[in-house]
Structure formats: structure tokens, C-alpha cells
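K.L.:
Have a look at this one before I ask anything.
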Amino acid sequence: PVPEAVVARAERHRAPGCAAPPRALRRTDLAAWHWPGGWAPGAEEALPLERGGWAGSGVLRLDDRQALAARLRDRGHADRGAATPADAGPGALADDASLAWDAFAAWGDDAPARWIGDYALAVVPAARDRLVASRGVTGVRSCFHLSLGQLECVSDDLGLLAALAGSSDAPPDQAVSEYLRFGQLVTPTLTFHPRIRRVPAAHTLVVDRDGRTRMRRHWALPAPAIVGGRSEREVLEGFRAVLGAAVRDRLRAPRAALLLSGGLDSAALAVEAAAAGARPAGGDAARPVVRALTASWERLLPDDEAQYARLTSAATGLVHEVVPYAPDAGWDEEAKFETPEPAPDVEARVWRAQAARLAALGPVALNGEDVDSLLAAPTLPQQLRTEGLAATAASWWRYWRATGRRPWMGLRTRGRDDDEAPPPWLRESLAARGAARATVPSAHATRPRAAQALSQPLWEAISWLDDPVMSGSDVVVLLPFMDPRVIAYALALPAVPWLQRKHLLRRAYAEALPAAVLGRPKTPLAGYYAARVRAWRARGAPAPLPAPVDAWVDVTAWRAALASDDADTVFVAWRVLELSRWLAQGRA
């Protein structure tokens, strides 16, 4: 039986931003809970769930539901009258949770290979011979596993599992080494808690009753053949169709926010959100309210993000708010918030403040990451290998005649040395621990640069920072450009012209966005971190370390790095402050 002490501890737990108690499913040898959020209508009302011999819970939003339902009907699993969202019309599909559980009944442990969406869940079959935990393709929702003797625990909330495991154990040296070197954990299954491991994105974990575990990938970045010979209109209409579907699937919540920068990526999402029927307050209740929010640092440095964002909101009709941040906001080593791990960002406090604003607008926020990775063009030799000499020469000639520029060749691109030297203040005994590389070269057949950018550990760090247990707010950040349908479409496009300077987006939204937004080049905020360091030092920083780190860090050398004139050196050294803050918090 599940120990009553574990049950009591779980039922006392409160998810971030959620005041309501969890819903429970109790059986002798199974206890499952779901803390309601509202980001995935339908699944939220159904979980936890016992259906078709499978029982469990999770956080769950499925995309392309019609296609999954059709495959289930082909397997003889027609809709058995499961609950549907309250506003569903005649012929509506079952809720997402029921579709997922029917998929387990149809395909067993391989069911997640038939889904796309954002989820983390754990289920057991009627025989109770194994536990199956699975995590979505891009890792938007987190998933962790803990073994406590004969009890197997899975949750998307690392803090809950840490409480069950006890927090007296020191963090693994490997985790500390990777964090201080790279600002994130590089080993996919590693956490700061020795007894808890992370289920990587796009993976399924199976734990047998005898304790044996198996981890396997259920989705991999596709390598479709390059599809040429289509007209410009066909390419653009196809792209708008898949991106529009990705946006609509993520706007099933009644209210949502859009992180609107002044760039083209989020502007494209604004157009698709408007096309999906996003309404202003007081409009058609069947359509979601989408409000745009722009973070501006114009008080710190010259920044025209807000100016371009206003042009986009005016063109799309979205309600828009600009939030100007104070110059000294963010870098605060005395912040008292609690997190289950050190934050993979020196500016976690800024994101927490922004997440609270987003949560007030709705349970879902759309983010335009990461078109730069998705549309990373292959080098000329790679294009020749995948598209052939004739097609490559013809596309280059057409592009040069149309633009007066040659396409990007990549011939001078040098391989970046990812074996970053450890910071000089990191103790030698620790520097040898952990993964040696923050990224690995890609062997992708057609788009190695895009594949490497989309596969690097950075995405785990971004998803983890966005997670409600880190942001402290009940808002889920969703990434339409990382939808598998959009990825597969983009990876099948000829490199020229579509992957040159975001030509695909500029042409697809030429009639929907102002020329100033369409023509704006990528504009990093130059001098940003140097300005942040100056503002931080003006407040008298740094404060004393709240918890000792001498076992890992030469504190004298570290303080010298903090005093450096190089902002990047200070940026890396800040990780020690964040690690010390986390060690000092009351994790028990």
C-alpha cells in the first residue's frame, strides 16, 4: 500500500499559483493527484483518470487531436462518451486525457510515440506490473522520478519529490560542476537532488515491478527529404497552415498572453493569434482573449523593442501592454524566493516578475522561440549534398537576381570549441566532474546546424526556468514554432530562398505586418549586461554569501572575478551567488 505519510504530504502540497486542493485517485497500491490549473481545458477536468485499465495523472495538452482520434478509431477505440470541455459542440472529441488513456489501451507503452503536444504524465496498467512516465517532445512540462524503496514516485513538481525524499543530502558534485561551468545541467537525467532523476524531453521511462528501469526516446528530430518544385504560393500557404494550427491548438484556454518583442518571430504569432479569432475583452465568449505584453529596457539602454511591438499590435488588433523595467531590476543576490534547484539564469527575478504579470492575463503565454534555430541554413557543401548541384545552382541564381545578394555559404564557419575552459575560481577537483561539452555536433542528414541548435541542452534550461515551480506563477509558456508539424515542414524546405534571413517569415506575413517590422534586422541589445553590472554595483553589491560554497569555489578568486571589468566574467561568476542562495533556502 502507498504509505499514508506520503499521501498526507502530497495532499498538503500546493502547486505554484494554485489555491485549490488537488483532486485525488486512490487505490490500495496507487495514489495519484492533479492540481487544477486551466492551461489545458478538457484534460484539466478529467485528471487524475482511470480508463481502459490504465490509471494515473499528469499535466497534459495534446495537439492534432483529430488525427489521433482517427487512429484510435482504426484500432477499434471509438469515443466511449468521455467528458468533453463544457463549451464543446456536437460531435466534439473526447478530452485530451481520455484520448491519451485510450492510446495507452491501444498501443501500451508506445502510446506517446503517437502524440504531439506538451505533457508530463505517469500511468500504470491494470496488472500493476510497471509504471510508465512520459514527457512531451519539447519538454515544456517537466517530469521527475524518485524511488523510495518499493514506492515509485513521479511528478512534474521537483519540490514535491524533494520533500518526499528529504532535503538533507548535499547536491551531487556533478550537478554543481555542470551548473557553475555552463549555467545549466548538461546531463539529461541529472538534478540537484541525488535520489531524483529527470525524464528527458521526448522520452518515456518504464519502471518494472522488480525495480528495473528502461528509458527510450519516443520522438526524434525528423530528417525529411527536401521538397522542391513548389510555387511560392504553395510554400507560404503550407507554412501558414501548419503554424496557424500550432497556434490554435495552444489557444484552447479561454485567456492567453503573447510575449511580443519588436522582432518578426513574435509578430508572426500575433498575426496567427488574430487569425485564430483572438478577441478583445467583451467580444465573442467562444474565442480566447489574447493580450500582448512587451518587456522594455529603455530605461537602462536605448531600446526600440516597444516601438516595433506597438506597430505589430496596431496591425493585428491585439490589446497590448509595455512594461518598462527599472535599470536596477533583476540582479538581486538577496532575493528570498524558493526554487527546487538553482535557477539557470542570472535574471531569474526578472522572469518571476514577468511571469506573475502573464499569469494575471491567462494560464497560457505564447513565445516566439526559436525561429533562428528552426531556419538555420545549411552550409553550401551541405546544400549540395542534400539538394544536388542543379537545384542548388538554380536557387542561388534566382536569389541573386531577386535580391542582389548571394545566399549564406558558411564556408568560413569554424567549429566552435564547446569544451569551455572551467572558470578559474572553480576548484580543480570539481572541474573534472560532470559533462565536458555543453553542445554536441549534429549528424542530422539534411539540417545539421538547425538540428544542433534545436537539440542542445539550452532548451532544457529555458523550459525549466519557464516551469511554474521555478517562475512561482501558474502560467505555462508554449512554443508554437517548436511544434513537430512546424519543425517537419521547415526542415523539408529548400535552403534558398526560404532559410535566408528569415525569408520564409518575411514573405508569409508580407501583407499582414508593417514594412518596418518585416524589414527590421536582428538587433541584439548591445551593452546590456555591462549596464546591468554597473547598476548592480551602484547598489553596493555584492552582499555576503548566504551559504558557504568553499568546497567547490575558491572564494578569493571568485571575488576577483566579480570585480572584473568584463561583463561576461561577472555574468559567469553570478552563478555562485545563485547557488549559494539556493543552498541557504529552507528546503526542508
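For the C-alpha cells, the naming scheme is as follows: chains receive sequential letters (A, B, ...) according to their order of presentation, residues are indexed from 1 within each chain, and ligands are indexed from 1 in presentation order.
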Just the alpha helix (DSSP H) stuff from stretch 149-288 of chain A, please, per backbone DSSP, written as a ChimeraX atom specification.
P.N.:
/A:158-165,173-182,232-250,264-275
K.L.:
Those residues with N, CA and C atoms, as a tab-separated table (two decimals), in the first residue's frame please?
P.N.:
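Result went into again.tsv, see below:
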chain	number	residue	atom	x	y	z
A	158	LEU	N	9.36	19.17	-8.93
A	158	LEU	CA	10.57	18.68	-8.29
A	158	LEU	C	10.55	18.94	-6.80
A	159	GLY	N	9.96	20.06	-6.39
A	159	GLY	CA	9.91	20.40	-4.98
A	159	GLY	C	9.15	19.37	-4.16
A	160	LEU	N	8.07	18.83	-4.72
A	160	LEU	CA	7.29	17.82	-4.01
A	160	LEU	C	8.12	16.55	-3.83
A	161	LEU	N	8.79	16.09	-4.89
A	161	LEU	CA	9.61	14.89	-4.77
A	161	LEU	C	10.78	15.12	-3.81
A	162	ALA	N	11.35	16.33	-3.82
A	162	ALA	CA	12.44	16.62	-2.89
A	162	ALA	C	11.95	16.54	-1.45
A	163	ALA	N	10.71	17.00	-1.22
A	163	ALA	CA	10.15	16.92	0.13
A	163	ALA	C	9.93	15.46	0.53
A	164	LEU	N	9.50	14.63	-0.40
A	164	LEU	CA	9.31	13.22	-0.09
A	164	LEU	C	10.64	12.52	0.15
A	165	ALA	N	11.67	12.90	-0.61
A	165	ALA	CA	12.97	12.26	-0.48
A	165	ALA	C	13.74	12.75	0.74
A	173	ASP	N	28.22	16.50	-6.75
A	173	ASP	CA	29.30	17.32	-7.30
A	173	ASP	C	29.14	17.50	-8.80
A	174	GLN	N	28.64	16.46	-9.49
A	174	GLN	CA	28.46	16.56	-10.93
A	174	GLN	C	27.49	17.68	-11.28
A	175	ALA	N	26.38	17.79	-10.53
A	175	ALA	CA	25.41	18.85	-10.79
A	175	ALA	C	26.01	20.22	-10.53
A	176	VAL	N	26.74	20.36	-9.43
A	176	VAL	CA	27.36	21.65	-9.10
A	176	VAL	C	28.38	22.03	-10.17
A	177	SER	N	29.18	21.05	-10.62
A	177	SER	CA	30.19	21.33	-11.64
A	177	SER	C	29.55	21.81	-12.93
A	178	GLU	N	28.54	21.09	-13.40
A	178	GLU	CA	27.91	21.48	-14.66
A	178	GLU	C	27.24	22.84	-14.55
A	179	TYR	N	26.60	23.10	-13.42
A	179	TYR	CA	25.92	24.38	-13.25
A	179	TYR	C	26.91	25.53	-13.24
A	180	LEU	N	27.98	25.41	-12.48
A	180	LEU	CA	28.94	26.50	-12.38
A	180	LEU	C	29.73	26.69	-13.68
A	181	ARG	N	29.92	25.64	-14.45
A	181	ARG	CA	30.65	25.77	-15.71
A	181	ARG	C	29.76	26.32	-16.83
A	182	PHE	N	28.54	25.77	-16.94
A	182	PHE	CA	27.71	26.08	-18.10
A	182	PHE	C	26.45	26.88	-17.77
A	232	GLU	N	5.88	29.59	-54.92
A	232	GLU	CA	5.97	30.40	-53.71
A	232	GLU	C	4.65	30.38	-52.96
A	233	ARG	N	3.56	30.48	-53.66
A	233	ARG	CA	2.25	30.49	-53.01
A	233	ARG	C	2.00	29.18	-52.25
A	234	GLU	N	2.35	28.07	-52.84
A	234	GLU	CA	2.15	26.78	-52.17
A	234	GLU	C	2.99	26.68	-50.90
A	235	VAL	N	4.25	27.13	-50.97
A	235	VAL	CA	5.11	27.07	-49.79
A	235	VAL	C	4.57	27.94	-48.67
A	236	LEU	N	4.17	29.16	-49.01
A	236	LEU	CA	3.72	30.10	-47.99
A	236	LEU	C	2.39	29.67	-47.38
A	237	GLU	N	1.47	29.20	-48.22
A	237	GLU	CA	0.19	28.74	-47.69
A	237	GLU	C	0.38	27.51	-46.80
A	238	GLY	N	1.28	26.63	-47.18
A	238	GLY	CA	1.55	25.45	-46.36
A	238	GLY	C	2.13	25.82	-45.01
A	239	PHE	N	3.04	26.79	-45.01
A	239	PHE	CA	3.65	27.21	-43.75
A	239	PHE	C	2.63	27.89	-42.86
A	240	ARG	N	1.85	28.80	-43.42
A	240	ARG	CA	0.82	29.47	-42.61
A	240	ARG	C	-0.16	28.45	-42.04
A	241	ALA	N	-0.45	27.39	-42.79
A	241	ALA	CA	-1.40	26.38	-42.32
A	241	ALA	C	-0.85	25.64	-41.10
A	242	VAL	N	0.42	25.21	-41.14
A	242	VAL	CA	0.94	24.44	-40.00
A	242	VAL	C	1.20	25.34	-38.79
A	243	LEU	N	1.69	26.57	-39.02
A	243	LEU	CA	1.89	27.46	-37.88
A	243	LEU	C	0.56	27.91	-37.29
A	244	GLY	N	-0.42	28.16	-38.16
A	244	GLY	CA	-1.75	28.52	-37.66
A	244	GLY	C	-2.35	27.42	-36.82
A	245	ALA	N	-2.19	26.17	-37.24
A	245	ALA	CA	-2.70	25.04	-36.46
A	245	ALA	C	-2.00	24.96	-35.11
A	246	ALA	N	-0.68	25.20	-35.11
A	246	ALA	CA	0.07	25.15	-33.85
A	246	ALA	C	-0.40	26.23	-32.88
A	247	VAL	N	-0.68	27.42	-33.39
A	247	VAL	CA	-1.18	28.50	-32.53
A	247	VAL	C	-2.58	28.19	-32.03
A	248	ARG	N	-3.46	27.73	-32.91
A	248	ARG	CA	-4.84	27.43	-32.49
A	248	ARG	C	-4.87	26.35	-31.42
A	249	ASP	N	-4.05	25.32	-31.58
A	249	ASP	CA	-4.02	24.25	-30.58
A	249	ASP	C	-3.61	24.78	-29.21
A	250	ARG	N	-2.77	25.79	-29.20
A	250	ARG	CA	-2.28	26.34	-27.93
A	250	ARG	C	-3.18	27.42	-27.38
A	264	LEU	N	10.38	39.84	-35.69
A	264	LEU	CA	9.47	39.22	-36.65
A	264	LEU	C	8.85	37.93	-36.12
A	265	ASP	N	9.55	37.20	-35.26
A	265	ASP	CA	9.07	35.90	-34.82
A	265	ASP	C	7.76	36.02	-34.03
A	266	SER	N	7.79	36.85	-32.99
A	266	SER	CA	6.57	37.01	-32.19
A	266	SER	C	5.50	37.76	-32.97
A	267	ALA	N	5.92	38.62	-33.93
A	267	ALA	CA	4.93	39.31	-34.77
A	267	ALA	C	4.15	38.31	-35.61
A	268	ALA	N	4.82	37.26	-36.11
A	268	ALA	CA	4.13	36.22	-36.87
A	268	ALA	C	3.10	35.52	-35.99
A	269	LEU	N	3.45	35.24	-34.73
A	269	LEU	CA	2.49	34.62	-33.82
A	269	LEU	C	1.31	35.55	-33.55
A	270	ALA	N	1.57	36.85	-33.47
A	270	ALA	CA	0.47	37.80	-33.27
A	270	ALA	C	-0.52	37.74	-34.42
A	271	VAL	N	0.00	37.64	-35.65
A	271	VAL	CA	-0.88	37.55	-36.81
A	271	VAL	C	-1.73	36.28	-36.73
A	272	GLU	N	-1.10	35.15	-36.39
A	272	GLU	CA	-1.84	33.89	-36.33
A	272	GLU	C	-2.82	33.87	-35.17
A	273	ALA	N	-2.46	34.50	-34.05
A	273	ALA	CA	-3.41	34.58	-32.93
A	273	ALA	C	-4.63	35.39	-33.32
A	274	ALA	N	-4.40	36.49	-34.05
A	274	ALA	CA	-5.54	37.30	-34.52
A	274	ALA	C	-6.38	36.51	-35.52
A	275	ALA	N	-5.72	35.76	-36.41
A	275	ALA	CA	-6.45	34.96	-37.39
A	275	ALA	C	-7.24	33.83	-36.73
K.L.:
If we count only C-alpha atoms and set the cut-off at 12 Å, which residues sit around A:Ala223, ignoring sequence neighbours fewer than 2 positions away in its own chain? Please answer as a PyMOL selection string.
P.N.:
chain A and resi 220-221+225-227+386+442-448+450-451+484+487-493
K.L.:
For A:Val346, which residue among A:Ala551, A:Asp332, A:Leu30, A:Pro21 is the nearest when counting only C-alpha atoms?
P.N.:
A:Asp332
K.L.:
Just checking: using only C-alpha atoms, which residue out of A:Ala315, A:Arg209, A:Arg9, A:Ser98 ends up closest to A:Asp29?
P.N.:
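Looking only at the distances to A:Asp29, the closest residue turns out to be A:Arg209.
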K.L.:
Need the shell around A:Trp101: protein/DNA/RNA residues with any atom at most 8 Å away, counting only C-alpha atoms. Skip same-chain ones fewer than 6 positions apart. Format as a count of residues only?
P.N.:
3
K.L.:
Using backbone DSSP assignments, extract all strand (DSSP E) residues from stretch 202-261 of chain A; output them as a short mmCIF file (atom, residue, chain, number, x, y, z; two decimals) with all heavy atoms, in the first residue's frame.
P.N.:
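File written: part-v4.cif
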data_model
loop_
_atom_site.label_atom_id
_atom_site.label_comp_id
_atom_site.auth_asym_id
_atom_site.auth_seq_id
_atom_site.Cartn_x
_atom_site.Cartn_y
_atom_site.Cartn_z
N HIS A 203 11.11 11.53 -24.12
CA HIS A 203 11.49 10.21 -23.62
C HIS A 203 10.36 9.61 -22.77
O HIS A 203 9.56 10.33 -22.17
CB HIS A 203 12.76 10.27 -22.77
CG HIS A 203 14.01 10.33 -23.59
ND1 HIS A 203 14.38 11.45 -24.30
CD2 HIS A 203 14.99 9.40 -23.82
CE1 HIS A 203 15.53 11.22 -24.91
NE2 HIS A 203 15.92 9.98 -24.64
N THR A 204 10.35 8.29 -22.74
CA THR A 204 9.43 7.53 -21.89
C THR A 204 10.25 6.64 -20.97
O THR A 204 11.17 5.95 -21.42
CB THR A 204 8.48 6.67 -22.74
OG1 THR A 204 7.65 7.52 -23.54
CG2 THR A 204 7.58 5.81 -21.85
N LEU A 205 9.92 6.69 -19.68
CA LEU A 205 10.56 5.87 -18.67
C LEU A 205 9.59 4.76 -18.26
O LEU A 205 8.43 5.04 -17.97
CB LEU A 205 10.93 6.71 -17.46
CG LEU A 205 11.38 5.97 -16.20
CD1 LEU A 205 12.75 5.35 -16.41
CD2 LEU A 205 11.40 6.91 -15.00
N VAL A 206 10.08 3.52 -18.24
CA VAL A 206 9.27 2.39 -17.78
C VAL A 206 9.99 1.77 -16.58
O VAL A 206 11.18 1.44 -16.66
CB VAL A 206 9.08 1.34 -18.88
CG1 VAL A 206 8.25 0.16 -18.36
CG2 VAL A 206 8.40 1.97 -20.10
N VAL A 207 9.27 1.64 -15.46
CA VAL A 207 9.81 1.03 -14.25
C VAL A 207 9.02 -0.25 -13.99
O VAL A 207 7.81 -0.19 -13.76
CB VAL A 207 9.70 1.98 -13.04
CG1 VAL A 207 10.37 1.35 -11.82
CG2 VAL A 207 10.33 3.33 -13.35
N ASP A 208 9.68 -1.38 -14.06
CA ASP A 208 9.02 -2.66 -13.80
C ASP A 208 8.83 -2.86 -12.30
O ASP A 208 9.47 -2.20 -11.47
CB ASP A 208 9.86 -3.82 -14.36
CG ASP A 208 9.92 -3.80 -15.87
OD1 ASP A 208 8.93 -3.36 -16.49
OD2 ASP A 208 10.95 -4.20 -16.44
N THR A 213 14.57 -0.40 -14.69
CA THR A 213 14.10 0.77 -15.43
C THR A 213 14.59 0.71 -16.86
O THR A 213 15.67 0.20 -17.15
CB THR A 213 14.59 2.08 -14.79
OG1 THR A 213 16.01 2.12 -14.84
CG2 THR A 213 14.13 2.19 -13.34
N ARG A 214 13.75 1.26 -17.76
CA ARG A 214 14.11 1.37 -19.17
C ARG A 214 13.72 2.77 -19.64
O ARG A 214 12.61 3.23 -19.39
CB ARG A 214 13.36 0.32 -20.01
CG ARG A 214 13.50 -1.10 -19.50
CD ARG A 214 12.85 -2.11 -20.44
NE ARG A 214 11.41 -1.92 -20.63
CZ ARG A 214 10.48 -2.34 -19.78
NH1 ARG A 214 10.84 -2.94 -18.65
NH2 ARG A 214 9.20 -2.16 -20.03
N MET A 215 14.64 3.44 -20.31
CA MET A 215 14.38 4.77 -20.83
C MET A 215 14.54 4.73 -22.35
O MET A 215 15.56 4.23 -22.85
CB MET A 215 15.36 5.79 -20.25
CG MET A 215 15.08 7.23 -20.63
SD MET A 215 13.96 8.07 -19.50
CE MET A 215 15.09 8.37 -18.13
N ARG A 216 13.56 5.23 -23.07
CA ARG A 216 13.70 5.24 -24.52
C ARG A 216 13.10 6.52 -25.10
O ARG A 216 12.17 7.10 -24.54
CB ARG A 216 13.04 4.02 -25.15
CG ARG A 216 11.54 3.93 -24.99
CD ARG A 216 10.99 2.77 -25.82
NE ARG A 216 9.56 2.59 -25.64
CZ ARG A 216 9.01 1.83 -24.71
NH1 ARG A 216 9.77 1.16 -23.87
NH2 ARG A 216 7.69 1.72 -24.61
N ARG A 217 13.66 6.93 -26.21
CA ARG A 217 13.18 8.13 -26.91
C ARG A 217 11.96 7.76 -27.74
O ARG A 217 11.98 6.78 -28.48
CB ARG A 217 14.28 8.68 -27.82
CG ARG A 217 13.88 9.88 -28.65
CD ARG A 217 15.03 10.39 -29.49
NE ARG A 217 15.98 11.12 -28.69
CZ ARG A 217 15.86 12.42 -28.38
NH1 ARG A 217 14.80 13.11 -28.79
NH2 ARG A 217 16.78 13.02 -27.67
N ARG A 255 -8.17 32.36 -21.91
CA ARG A 255 -7.38 33.58 -21.89
C ARG A 255 -5.91 33.21 -22.10
O ARG A 255 -5.46 32.17 -21.64
CB ARG A 255 -7.52 34.32 -20.54
CG ARG A 255 -8.93 34.83 -20.27
CD ARG A 255 -9.00 35.52 -18.91
NE ARG A 255 -8.67 34.60 -17.82
CZ ARG A 255 -7.64 34.75 -17.00
NH1 ARG A 255 -6.82 35.78 -17.14
NH2 ARG A 255 -7.41 33.88 -16.03
N ALA A 256 -5.19 34.07 -22.78
CA ALA A 256 -3.79 33.80 -23.06
C ALA A 256 -3.04 35.11 -23.22
O ALA A 256 -3.62 36.16 -23.48
CB ALA A 256 -3.64 32.94 -24.31
N ALA A 257 -1.71 35.02 -23.07
CA ALA A 257 -0.84 36.17 -23.29
C ALA A 257 0.13 35.84 -24.41
O ALA A 257 0.40 34.67 -24.70
CB ALA A 257 -0.07 36.51 -22.01
N LEU A 258 0.64 36.87 -25.03
CA LEU A 258 1.65 36.73 -26.07
C LEU A 258 2.84 37.59 -25.70
O LEU A 258 2.70 38.79 -25.47
CB LEU A 258 1.10 37.17 -27.43
CG LEU A 258 2.11 37.31 -28.57
CD1 LEU A 258 2.72 35.95 -28.91
CD2 LEU A 258 1.47 37.92 -29.81
N LEU A 259 4.01 36.97 -25.58
CA LEU A 259 5.24 37.72 -25.33
C LEU A 259 5.67 38.36 -26.65
O LEU A 259 6.22 37.69 -27.54
CB LEU A 259 6.33 36.78 -24.80
CG LEU A 259 6.13 36.35 -23.34
CD1 LEU A 259 6.91 35.07 -23.05
CD2 LEU A 259 6.56 37.46 -22.40
#
K.L.:
Could you tell me how far atom CA of A:Gln66 lies from atom CA of A:Gly277, in Å and to one decimal?
P.N.:
20.0 Å
K.L.:
Given only C-alpha atoms as the basis, pick out the residue of A:Ser147, A:Val517, A:Trp396, A:Asp63 nearest to A:Ala306.
P.N.:
A:Val517
K.L.:
Using only C-alpha atoms for the distances, tell me which of A:Ala335, A:Val186, A:Phe144, A:Gly136 is nearest to A:Gln456.
P.N.:
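Using only C-alpha atoms, the shortest distance to A:Gln456 belongs to A:Val186.
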K.L.:
Give me the residues within 12 Å of A:Ala105 as a ChimeraX atom specification, counting only C-alpha atoms and dropping any in the same chain fewer than 4 places off.
P.N.:
/A:50-55,72,75-78,98-101,109-112,123-126
K.L.:
Atoms to include: N, CA and C atoms. Write the selected residues as a compact mmCIF listing (two decimals), in the first residue's frame.
P.N.:
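Okay, this is what ended up in result.txt:
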# COMPACT_ATOMS: atom_id res chain seq x y z
N GLU A 50 -8.82 7.04 -14.40
CA GLU A 50 -8.72 5.59 -14.56
C GLU A 50 -9.64 5.22 -15.70
N ARG A 51 -9.06 4.64 -16.78
CA ARG A 51 -9.83 4.41 -18.00
C ARG A 51 -9.13 3.33 -18.83
N GLY A 52 -9.90 2.41 -19.35
CA GLY A 52 -9.35 1.37 -20.21
C GLY A 52 -8.31 0.51 -19.53
N GLY A 53 -8.39 0.37 -18.20
CA GLY A 53 -7.42 -0.44 -17.48
C GLY A 53 -6.17 0.32 -17.05
N TRP A 54 -6.06 1.60 -17.42
CA TRP A 54 -4.89 2.40 -17.07
C TRP A 54 -5.30 3.49 -16.07
N ALA A 55 -4.44 3.75 -15.09
CA ALA A 55 -4.74 4.75 -14.07
C ALA A 55 -3.52 5.61 -13.83
N LEU A 72 -7.17 6.06 -33.38
CA LEU A 72 -7.79 5.23 -32.35
C LEU A 72 -9.02 4.51 -32.89
N ARG A 75 -8.11 1.52 -34.65
CA ARG A 75 -7.72 0.44 -33.74
C ARG A 75 -8.91 -0.10 -32.96
N GLY A 76 -10.10 0.42 -33.26
CA GLY A 76 -11.29 -0.06 -32.57
C GLY A 76 -11.56 0.61 -31.25
N HIS A 77 -10.93 1.77 -31.02
CA HIS A 77 -11.15 2.51 -29.77
C HIS A 77 -11.95 3.76 -30.07
N ALA A 78 -13.22 3.58 -30.43
CA ALA A 78 -14.07 4.73 -30.70
C ALA A 78 -14.38 5.44 -29.40
N SER A 98 -8.63 11.57 -21.88
CA SER A 98 -9.28 10.33 -22.32
C SER A 98 -8.67 9.83 -23.62
N LEU A 99 -8.34 10.73 -24.54
CA LEU A 99 -7.66 10.30 -25.77
C LEU A 99 -6.31 9.67 -25.45
N ALA A 100 -5.57 10.27 -24.53
CA ALA A 100 -4.27 9.73 -24.17
C ALA A 100 -4.39 8.35 -23.51
N TRP A 101 -5.36 8.22 -22.60
CA TRP A 101 -5.53 6.94 -21.91
C TRP A 101 -6.02 5.86 -22.89
N ASP A 109 2.87 0.90 -23.86
CA ASP A 109 3.93 1.85 -23.53
C ASP A 109 4.34 2.72 -24.72
N ASP A 110 4.01 2.29 -25.94
CA ASP A 110 4.39 3.05 -27.14
C ASP A 110 3.40 4.16 -27.48
N ALA A 111 2.37 4.35 -26.67
CA ALA A 111 1.35 5.36 -26.99
C ALA A 111 1.94 6.76 -27.21
N PRO A 112 2.88 7.25 -26.37
CA PRO A 112 3.38 8.62 -26.59
C PRO A 112 4.01 8.84 -27.96
N VAL A 123 1.43 6.70 -15.64
CA VAL A 123 0.28 5.78 -15.60
C VAL A 123 0.76 4.38 -15.27
N VAL A 124 -0.16 3.55 -14.78
CA VAL A 124 0.11 2.13 -14.57
C VAL A 124 -1.04 1.35 -15.20
N PRO A 125 -0.77 0.17 -15.79
CA PRO A 125 -1.85 -0.66 -16.34
C PRO A 125 -2.56 -1.40 -15.21
N ALA A 126 -3.65 -2.07 -15.57
CA ALA A 126 -4.46 -2.78 -14.57
C ALA A 126 -3.64 -3.84 -13.85
K.L.:
When you look at stretch 288-292 of chain A with a cut-off of 10 Å (counting only C-alpha atoms), what residues show up, excluding the ones that are within fewer than 4 positions of it in the same chain? I need them as number ranges by chain.
P.N.:
A: 248, 251-261, 266, 270, 273-274, 276-284, 309-310, 312-313, 317-322, 358, 361-362, 364-366
K.L.:
To one decimal place in Å, what is the distance between atom CA of A:Ala5 and atom CA of A:Arg23?
P.N.:
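Taking atom CA of A:Ala5 as the start and atom CA of A:Arg23 as the end point, the length is 17.5 Å.
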